[in-house]
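Visitor: Here it is, the structure, as structure tokens.
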Amino acid sequence: MAMPVPHGSITTIEELLALPEDGLRHELLDGEHVVTPAPEYPHQSALAGVYNVLYRVVGGRDDLQLLWSPADIVLGPKTLVQPDLFVLRVQPGKPFRSWKEVGTPLLVIEALSPSTAPRDRGKKRRIYQRAGVAEYWIVDLDARLIERWRPDDARPEIIDQIMRWELPGGAKGEFGMQEILPPLA
């Protein structure tokens, strides 16, 4: 469950980064400090499936990198996000030395949980669209689908069978939803 933080307690990225490590995910969403505990098993299992299908394409490229949080991705003066999974554009032979250097991810993936769904579909979606994230995927485990958002979309594309994707720079692939979602009990 996401835990609200007293209004006004953390309002800058610098204050957020100065917090002691507590094992929780801290984000600053347009100046609002949000804290989320560790995700549940089904959430992480689905993300492992997404990672595996993306890595088949992205893992062999020297211009892209597939990563997961914790990560301090700064998307504005009052916005620091911790996406579940994300793909960055990299310059071959020039590794990043800090999170400040990574810029805007090409792809961001968030897996929904009951406590994060309104924020992932609302405020975080708008932040990712405004920042120019080429694709934002919301993995909905309960509905067994992915909502795909692009910067100018007013509504998501709903994928419930085969996800076909392509990122700027030519990385592309496809996978079936059964490859990423845990079997129904």
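Identifiers in the structure tokens: chain A, B, ... in order shown; residue index from 1 per chain; ligand index from 1 in order shown.
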Residues within 7 Å of His33 in chain A, please, as a PyMOL selection string. Count only C-alpha atoms; anything in the same chain fewer than 3 positions from it doesn't count.
Guide: chain A and resi 5+10-11+27-29
Visitor: Could those residues be written to a file, using C-alpha atoms, as an mmCIF file, in the first residue's frame?
Guide:
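The result, stored in again-v5.cif:
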data_model
loop_
_atom_site.group_PDB
_atom_site.id
_atom_site.type_symbol
_atom_site.label_atom_id
_atom_site.label_comp_id
_atom_site.auth_asym_id
_atom_site.auth_seq_id
_atom_site.Cartn_x
_atom_site.Cartn_y
_atom_site.Cartn_z
ATOM 1 C CA VAL A 5 3.750 11.494 3.587
ATOM 2 C CA ILE A 10 9.674 16.515 1.274
ATOM 3 C CA THR A 11 9.261 18.888 -1.647
ATOM 4 C CA GLU A 27 9.255 9.129 -5.484
ATOM 5 C CA LEU A 28 8.563 12.828 -6.001
ATOM 6 C CA LEU A 29 5.648 13.224 -8.418
#
Visitor: Near Gly173 in chain A, counting only C-alpha atoms, which residues have an atom at most 10 Å away, once you skip same-chain residues fewer than 5 positions from it, shown as a VMD selection string?
Guide: chain A and resid 53 to 54 56 to 58 163 to 167
Visitor: Write a file of the just-selected residues containing C-alpha atoms, as a compact mmCIF listing (two decimals), in the first residue's frame.
Guide:
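Okay, again_21.txt is ready:
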# COMPACT_ATOMS: atom_id res chain seq x y z
CA VAL A 53 10.87 -11.05 -23.26
CA LEU A 54 12.38 -7.56 -23.61
CA ARG A 56 15.70 -11.12 -25.89
CA VAL A 57 15.76 -7.97 -28.07
CA VAL A 58 17.35 -5.24 -25.98
CA MET A 163 2.10 -7.32 -27.70
CA ARG A 164 3.95 -6.00 -30.74
CA TRP A 165 6.33 -3.17 -29.91
CA GLU A 166 8.96 -0.97 -31.50
CA LEU A 167 11.13 1.69 -29.87
Visitor: For range 43-66 of chain A against range 113-127 of chain A, with a cut-off of 12 Å and counting only C-alpha atoms, what is the closest atom pair and its distance in Å to one decimal for every residue that makes the cut, ordered by chain and number, as JSON lines?
Guide:
{"residue": "A:His43", "atom": "CA", "partner": "A:Ser113", "partner_atom": "CA", "distance": 7.2}
{"residue": "A:Gln44", "atom": "CA", "partner": "A:Ser113", "partner_atom": "CA", "distance": 10.6}
{"residue": "A:Ala46", "atom": "CA", "partner": "A:Ser113", "partner_atom": "CA", "distance": 11.5}
Visitor: What does the distance between CA of Trp68 in chain A and CA of Glu110 in chain A come to in Å, to one decimal place?
Guide: 10.2 Å
Visitor: Quick one: DSSP helix (DSSP H, G or I) residues in range 7-162 of chain A, as a VMD selection string?
Guide: chain A and resid 13 to 17 41 to 58 99 to 101 117 to 121 123 to 131
Visitor: Write the residues you've just listed into a file as a tab-separated table (two decimals), in the first residue's frame, and include C-alpha atoms for each of them.
Guide:
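Ended up saving to selection14.tsv:
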chain	number	residue	atom	x	y	z
A	13	ILE	CA	14.64	16.11	-5.22
A	14	GLU	CA	17.57	17.06	-3.01
A	15	GLU	CA	15.50	16.43	0.16
A	16	LEU	CA	14.28	13.14	-1.28
A	17	LEU	CA	17.79	11.94	-2.10
A	41	TYR	CA	5.17	-11.73	-5.43
A	42	PRO	CA	2.74	-11.73	-8.43
A	43	HIS	CA	3.85	-8.18	-9.29
A	44	GLN	CA	7.52	-9.18	-9.36
A	45	SER	CA	6.83	-12.43	-11.19
A	46	ALA	CA	5.04	-10.59	-14.01
A	47	LEU	CA	7.87	-8.05	-14.22
A	48	ALA	CA	10.39	-10.89	-14.49
A	49	GLY	CA	8.39	-12.20	-17.44
A	50	VAL	CA	8.38	-8.76	-19.11
A	51	TYR	CA	12.11	-8.40	-18.45
A	52	ASN	CA	12.83	-11.76	-20.06
A	53	VAL	CA	10.87	-11.05	-23.26
A	54	LEU	CA	12.38	-7.56	-23.61
A	55	TYR	CA	15.90	-8.78	-22.89
A	56	ARG	CA	15.70	-11.12	-25.89
A	57	VAL	CA	15.76	-7.97	-28.07
A	58	VAL	CA	17.35	-5.24	-25.98
A	99	TRP	CA	21.28	8.63	-12.57
A	100	LYS	CA	21.42	12.36	-13.38
A	101	GLU	CA	22.88	11.49	-16.80
A	117	ALA	CA	-3.14	1.68	-9.71
A	118	PRO	CA	-4.69	5.17	-9.43
A	119	ARG	CA	-1.26	6.82	-9.38
A	120	ASP	CA	0.20	4.65	-12.19
A	121	ARG	CA	-2.80	5.35	-14.42
A	123	LYS	CA	-0.26	11.17	-12.20
A	124	LYS	CA	2.62	8.92	-13.29
A	125	ARG	CA	1.09	8.37	-16.73
A	126	ARG	CA	0.79	12.12	-17.26
A	127	ILE	CA	4.38	12.63	-16.06
A	128	TYR	CA	5.71	9.98	-18.47
A	129	GLN	CA	3.67	11.38	-21.37
A	130	ARG	CA	4.77	14.96	-20.64
A	131	ALA	CA	8.42	13.85	-20.39
Visitor: Under the rule that only C-alpha atoms are counted, which of A:Pro151, A:Pro183, A:Pro92, A:Gly170 is the nearest residue to Asp63 in chain A?
Guide: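 Checking each candidate against Asp63 in chain A, we get A:Pro92 as the closest.
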Visitor: I need the residues of chain A that end up classed as strand (DSSP E or B) by DSSP on the backbone, written out as a VMD selection string.
Guide: chain A and resid 3 to 4 25 to 29 32 to 36 64 to 68 73 to 76 79 to 81 85 to 89 91 94 107 to 111 135 to 140 145 to 149 157 to 159 162 to 166 172 to 176
Visitor: Which residues are near Arg150 in chain A? Cut-off 8 Å, only C-alpha atoms, ignore same chain within fewer than 5 positions. Put them as a list of chain:residue names.
Guide: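 Contacts, in chain order: A:Gln129, A:Val133, A:Ala134, A:Glu135, A:Tyr136, A:Pro156.
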Visitor: Find the distance between CA of Phe96 in chain A and CA of Gln65 in chain A and write it in Å to one decimal.
Guide: 10.9 Å
Visitor: Which residues are close to Ile109 in chain A, i.e. within 8 Å by only C-alpha atoms, leaving aside same-chain residues fewer than 3 positions away? Reply as a VMD selection string.
Guide: chain A and resid 83 to 86 136 to 139
Visitor: Name the closest residue to Leu107 in chain A among the candidates A:Leu67, A:Val35, A:Val74, A:Ala18; distances are taken between atoms, counting only C-alpha atoms.
Guide: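 Residue with the minimum atom-to-atom distance to Leu107 in chain A: A:Leu67.
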Visitor: Of the residues A:Asp140, A:Glu157, A:Asp62, A:Asp72, which is the one nearest to Thr104 in chain A, using only C-alpha atoms?
Guide: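 For Thr104 in chain A, the nearest of the given residues is A:Asp72.
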Visitor: How many Å lie between CA of Leu19 in chain A and CA of Pro39 in chain A, rounded to one decimal?
Guide: 20.4 Å
